[in-house]
Amino acid sequence: MERTFAIIKPDAVERKLAGKILDRIEANGFNIVGMKKIKLTKAQAEGFYYVHKERPFFNDLCAFMSRSPVIVLCLEKENAIADWRTLMGATNPANAEPGTIRKDFAVNIEENSSHGSDAPETAAFEIPYFFSALELV
Ligand code: UDP
């Protein structure tokens, strides 16, 4: 079994799409081992996305991620990291496969409804950024 970290981003929570996204998560065999609704500060978003701090979209991205609540999740299944990224689809919804979360729900390349860890090392940073061991069941 593998664990990954996921976010239902502000654009999706604002449009009341959280239930639809959670349904897809469970229908695709993921166990939700951690979940909470939180509102990030700008500084917390910057800490989470520190790997992107030199990118031109960094400031806008952190403003977006802290403008309204998100749902953070720890998901578990075999091959969870790759399978969650497949279910999300490409970063830019214009390039995402039909049936993916980003194709169906994203607004644009920034407001793309969901986040997923891209590698085991990333998941190992991201899961404890948001969850203590006691919050994972
Ligand atoms: N992003 C953006 N503009 C870009 C590329 C990315 O606003 O040109 C945002 C988008 O919300 C994306 C996040 O930055 O999900 C992180 O980018 P990354 O390339 O890591 O994409 P992901 O792993 O989320 O698919």
# chains A, B, ... in the order shown; residues from 1 in each chain; ligands from 1
>>> residues_around(residues="A:Lys37", least_positions_apart="4", cutoff="9 Å", atoms="only C-alpha atoms", output="ChimeraX atom specification")
/A:69-72
>>> residues_near_ligand(ligand="ligand 1", cutoff="8 Å", atoms="only C-alpha atoms and all ligand atoms", output="PyMOL selection string")
chain A and resi 49+52+56-58+60-61+85+89-92+109-118
>>> write_last_selection(atoms="N, CA and C atoms", output="tab-separated table (two decimals), in the first residue's frame")
chain	number	residue	atom	x	y	z
A	49	TYR	N	4.29	25.18	-1.35
A	49	TYR	CA	4.73	25.23	-2.75
A	49	TYR	C	6.16	25.77	-2.90
A	52	HIS	N	8.32	25.77	-6.01
A	52	HIS	CA	7.97	26.61	-7.16
A	52	HIS	C	8.29	28.09	-6.93
A	56	PRO	N	7.23	31.96	-12.33
A	56	PRO	CA	6.47	33.21	-12.51
A	56	PRO	C	5.06	33.15	-11.93
A	57	PHE	N	4.50	31.93	-11.81
A	57	PHE	CA	3.13	31.81	-11.32
A	57	PHE	C	3.04	31.68	-9.80
A	58	PHE	N	4.19	31.70	-9.10
A	58	PHE	CA	4.21	31.38	-7.66
A	58	PHE	C	3.31	32.29	-6.82
A	60	ASP	N	0.74	34.32	-7.66
A	60	ASP	CA	-0.69	34.14	-7.98
A	60	ASP	C	-1.20	32.81	-7.44
A	61	LEU	N	-0.38	31.76	-7.58
A	61	LEU	CA	-0.78	30.44	-7.10
A	61	LEU	C	-1.02	30.46	-5.59
A	85	ARG	N	-2.67	10.87	-9.68
A	85	ARG	CA	-2.32	11.83	-10.74
A	85	ARG	C	-3.04	11.49	-12.05
A	89	GLY	N	-5.66	14.12	-13.95
A	89	GLY	CA	-5.40	14.59	-15.31
A	89	GLY	C	-4.30	15.64	-15.34
A	90	ALA	N	-3.97	16.08	-16.56
A	90	ALA	CA	-2.86	17.02	-16.76
A	90	ALA	C	-3.10	18.34	-16.05
A	91	THR	N	-2.00	19.02	-15.68
A	91	THR	CA	-2.06	20.30	-14.97
A	91	THR	C	-2.97	21.28	-15.70
A	92	ASN	N	-2.78	21.40	-17.00
A	92	ASN	CA	-3.62	22.28	-17.82
A	92	ASN	C	-4.85	21.50	-18.29
A	109	ILE	N	-5.47	26.59	-16.03
A	109	ILE	CA	-4.23	25.92	-15.59
A	109	ILE	C	-3.90	26.22	-14.13
A	110	GLU	N	-4.31	27.38	-13.62
A	110	GLU	CA	-4.06	27.68	-12.20
A	110	GLU	C	-5.17	27.08	-11.32
A	111	GLU	N	-6.39	27.42	-11.63
A	111	GLU	CA	-7.53	26.97	-10.82
A	111	GLU	C	-7.98	25.61	-11.33
A	112	ASN	N	-7.13	24.61	-11.00
A	112	ASN	CA	-7.34	23.30	-11.61
A	112	ASN	C	-7.85	22.24	-10.63
A	113	SER	N	-8.54	22.71	-9.60
A	113	SER	CA	-9.44	21.89	-8.77
A	113	SER	C	-8.77	20.88	-7.84
A	114	SER	N	-7.56	20.43	-8.14
A	114	SER	CA	-6.98	19.36	-7.33
A	114	SER	C	-5.46	19.40	-7.36
A	115	HIS	N	-4.88	18.86	-6.30
A	115	HIS	CA	-3.43	18.69	-6.19
A	115	HIS	C	-3.14	17.23	-5.88
A	116	GLY	N	-1.99	16.75	-6.34
A	116	GLY	CA	-1.52	15.42	-5.95
A	116	GLY	C	-0.01	15.37	-5.90
A	117	SER	N	0.53	14.68	-4.91
A	117	SER	CA	1.99	14.50	-4.83
A	117	SER	C	2.49	13.86	-6.12
A	118	ASP	N	3.70	14.29	-6.57
A	118	ASP	CA	4.21	13.76	-7.84
A	118	ASP	C	5.26	12.66	-7.67
>>> closest_residue(among="A:Pro120, A:Gly47, A:Pro98, A:Gly34", to="A:Ala82", atoms="only C-alpha atoms")
A:Pro120
>>> select_by_dssp(residues="stretch 55-114 of chain A", states="strand (DSSP E)", output="list in words")
Val70, Ile71, Val72, Leu73, Cys74, Leu75, Glu76, Lys77 and Ser114 of chain A
>>> closest_residue(among="A:Val51, A:Ala12, A:Ile21, A:Leu40", to="A:Ala63", atoms="only C-alpha atoms")
A:Leu40
>>> select_by_dssp(residues="stretch 2-123 of chain A", states="alpha helix (DSSP H)", output="PyMOL selection string")
chain A and resi 10-14+18-27+42-48+58-65+80-88+101-105+120-123
>>> write_last_selection(atoms="N, CA and C atoms", output="tab-separated table (two decimals), in the first residue's frame")
chain	number	residue	atom	x	y	z
A	10	PRO	N	-9.35	25.56	-3.78
A	10	PRO	CA	-10.42	26.54	-3.52
A	10	PRO	C	-11.47	26.64	-4.63
A	11	ASP	N	-11.06	26.60	-5.89
A	11	ASP	CA	-12.05	26.76	-6.97
A	11	ASP	C	-13.12	25.67	-6.91
A	12	ALA	N	-12.71	24.45	-6.54
A	12	ALA	CA	-13.66	23.33	-6.50
A	12	ALA	C	-14.53	23.39	-5.24
A	13	VAL	N	-13.91	23.74	-4.09
A	13	VAL	CA	-14.70	23.85	-2.85
A	13	VAL	C	-15.72	24.98	-3.01
A	14	GLU	N	-15.31	26.09	-3.59
A	14	GLU	CA	-16.22	27.23	-3.77
A	14	GLU	C	-17.43	26.84	-4.62
A	18	ALA	N	-16.79	19.41	-4.01
A	18	ALA	CA	-16.03	18.50	-3.14
A	18	ALA	C	-16.66	17.11	-3.10
A	19	GLY	N	-17.98	17.06	-2.98
A	19	GLY	CA	-18.65	15.75	-2.91
A	19	GLY	C	-18.43	14.93	-4.16
A	20	LYS	N	-18.52	15.57	-5.31
A	20	LYS	CA	-18.31	14.85	-6.58
A	20	LYS	C	-16.87	14.32	-6.67
A	21	ILE	N	-15.91	15.12	-6.22
A	21	ILE	CA	-14.50	14.68	-6.28
A	21	ILE	C	-14.25	13.56	-5.28
A	22	LEU	N	-14.81	13.68	-4.07
A	22	LEU	CA	-14.65	12.60	-3.07
A	22	LEU	C	-15.29	11.31	-3.57
A	23	ASP	N	-16.40	11.42	-4.28
A	23	ASP	CA	-17.04	10.23	-4.84
A	23	ASP	C	-16.11	9.54	-5.84
A	24	ARG	N	-15.44	10.32	-6.68
A	24	ARG	CA	-14.50	9.73	-7.64
A	24	ARG	C	-13.33	9.06	-6.92
A	25	ILE	N	-12.86	9.70	-5.85
A	25	ILE	CA	-11.75	9.13	-5.08
A	25	ILE	C	-12.13	7.76	-4.55
A	26	GLU	N	-13.29	7.66	-3.92
A	26	GLU	CA	-13.70	6.37	-3.33
A	26	GLU	C	-14.05	5.36	-4.42
A	27	ALA	N	-14.70	5.82	-5.49
A	27	ALA	CA	-15.09	4.90	-6.57
A	27	ALA	C	-13.87	4.30	-7.27
A	42	LYS	N	-1.48	32.77	3.43
A	42	LYS	CA	-0.57	32.91	2.28
A	42	LYS	C	0.78	32.27	2.61
A	43	ALA	N	1.26	32.48	3.83
A	43	ALA	CA	2.56	31.92	4.22
A	43	ALA	C	2.54	30.39	4.22
A	44	GLN	N	1.43	29.81	4.65
A	44	GLN	CA	1.33	28.34	4.63
A	44	GLN	C	1.31	27.81	3.19
A	45	ALA	N	0.64	28.53	2.29
A	45	ALA	CA	0.64	28.12	0.88
A	45	ALA	C	2.05	28.25	0.30
A	46	GLU	N	2.75	29.31	0.65
A	46	GLU	CA	4.12	29.50	0.15
A	46	GLU	C	5.05	28.40	0.65
A	47	GLY	N	4.86	27.98	1.90
A	47	GLY	CA	5.68	26.89	2.45
A	47	GLY	C	5.40	25.57	1.75
A	48	PHE	N	4.14	25.34	1.45
A	48	PHE	CA	3.75	24.10	0.77
A	48	PHE	C	4.33	24.05	-0.65
A	58	PHE	N	4.19	31.70	-9.10
A	58	PHE	CA	4.21	31.38	-7.66
A	58	PHE	C	3.31	32.29	-6.82
A	59	ASN	N	3.42	33.59	-7.02
A	59	ASN	CA	2.66	34.52	-6.19
A	59	ASN	C	1.16	34.37	-6.41
A	60	ASP	N	0.74	34.32	-7.66
A	60	ASP	CA	-0.69	34.14	-7.98
A	60	ASP	C	-1.20	32.81	-7.44
A	61	LEU	N	-0.38	31.76	-7.58
A	61	LEU	CA	-0.78	30.44	-7.10
A	61	LEU	C	-1.02	30.46	-5.59
A	62	CYS	N	-0.12	31.09	-4.85
A	62	CYS	CA	-0.26	31.11	-3.38
A	62	CYS	C	-1.43	31.98	-2.95
A	63	ALA	N	-1.70	33.06	-3.70
A	63	ALA	CA	-2.88	33.89	-3.41
A	63	ALA	C	-4.15	33.07	-3.66
A	64	PHE	N	-4.19	32.36	-4.76
A	64	PHE	CA	-5.34	31.50	-5.08
A	64	PHE	C	-5.55	30.45	-3.99
A	65	MET	N	-4.48	29.77	-3.60
A	65	MET	CA	-4.62	28.65	-2.66
A	65	MET	C	-5.02	29.11	-1.26
A	80	ALA	N	-0.84	4.52	-5.20
A	80	ALA	CA	-1.69	5.69	-4.95
A	80	ALA	C	-1.16	6.96	-5.63
A	81	ILE	N	0.16	7.16	-5.63
A	81	ILE	CA	0.70	8.42	-6.16
A	81	ILE	C	0.40	8.55	-7.65
A	82	ALA	N	0.75	7.54	-8.41
A	82	ALA	CA	0.53	7.60	-9.86
A	82	ALA	C	-0.95	7.53	-10.20
A	83	ASP	N	-1.70	6.70	-9.46
A	83	ASP	CA	-3.13	6.54	-9.79
A	83	ASP	C	-3.92	7.82	-9.51
A	84	TRP	N	-3.56	8.54	-8.44
A	84	TRP	CA	-4.25	9.80	-8.15
A	84	TRP	C	-3.91	10.84	-9.22
A	85	ARG	N	-2.67	10.87	-9.68
A	85	ARG	CA	-2.32	11.83	-10.74
A	85	ARG	C	-3.04	11.49	-12.05
A	86	THR	N	-3.23	10.21	-12.32
A	86	THR	CA	-4.00	9.80	-13.51
A	86	THR	C	-5.45	10.26	-13.38
A	87	LEU	N	-6.02	10.07	-12.20
A	87	LEU	CA	-7.42	10.46	-11.99
A	87	LEU	C	-7.59	11.98	-12.09
A	88	MET	N	-6.58	12.74	-11.64
A	88	MET	CA	-6.65	14.22	-11.74
A	88	MET	C	-6.56	14.70	-13.17
A	101	ILE	N	-10.58	14.57	-13.43
A	101	ILE	CA	-11.12	15.63	-12.58
A	101	ILE	C	-10.83	17.00	-13.19
A	102	ARG	N	-9.60	17.20	-13.66
A	102	ARG	CA	-9.25	18.51	-14.20
A	102	ARG	C	-9.99	18.78	-15.51
A	103	LYS	N	-10.15	17.77	-16.36
A	103	LYS	CA	-10.90	17.98	-17.59
A	103	LYS	C	-12.34	18.38	-17.29
A	104	ASP	N	-12.92	17.69	-16.30
A	104	ASP	CA	-14.35	17.89	-16.03
A	104	ASP	C	-14.63	19.12	-15.17
A	105	PHE	N	-13.68	19.50	-14.28
A	105	PHE	CA	-14.01	20.53	-13.29
A	105	PHE	C	-13.11	21.76	-13.30
A	120	PRO	N	7.23	9.79	-4.38
A	120	PRO	CA	7.25	9.38	-2.97
A	120	PRO	C	7.91	10.42	-2.05
A	121	GLU	N	9.00	11.05	-2.53
A	121	GLU	CA	9.67	12.06	-1.69
A	121	GLU	C	8.75	13.26	-1.46
A	122	THR	N	7.97	13.62	-2.47
A	122	THR	CA	7.04	14.74	-2.34
A	122	THR	C	5.94	14.38	-1.33
A	123	ALA	N	5.39	13.19	-1.45
A	123	ALA	CA	4.36	12.75	-0.50
A	123	ALA	C	4.91	12.75	0.92
>>> residues_around(residues="A:Glu135", least_positions_apart="6", cutoff="12 Å", atoms="only C-alpha atoms", output="JSON, numbers by chain")
{"A": [32, 33, 34, 35, 36, 72, 73, 74, 127, 128]}
>>> closest_residue(among="A:Lys9, A:Arg67, A:Arg3, A:Arg15", to="A:Leu136", atoms="only C-alpha atoms")
A:Arg3
>>> atom_distance(atom1="atom CA of A:Phe130", atom2="atom CA of A:Lys39")
11.6 Å
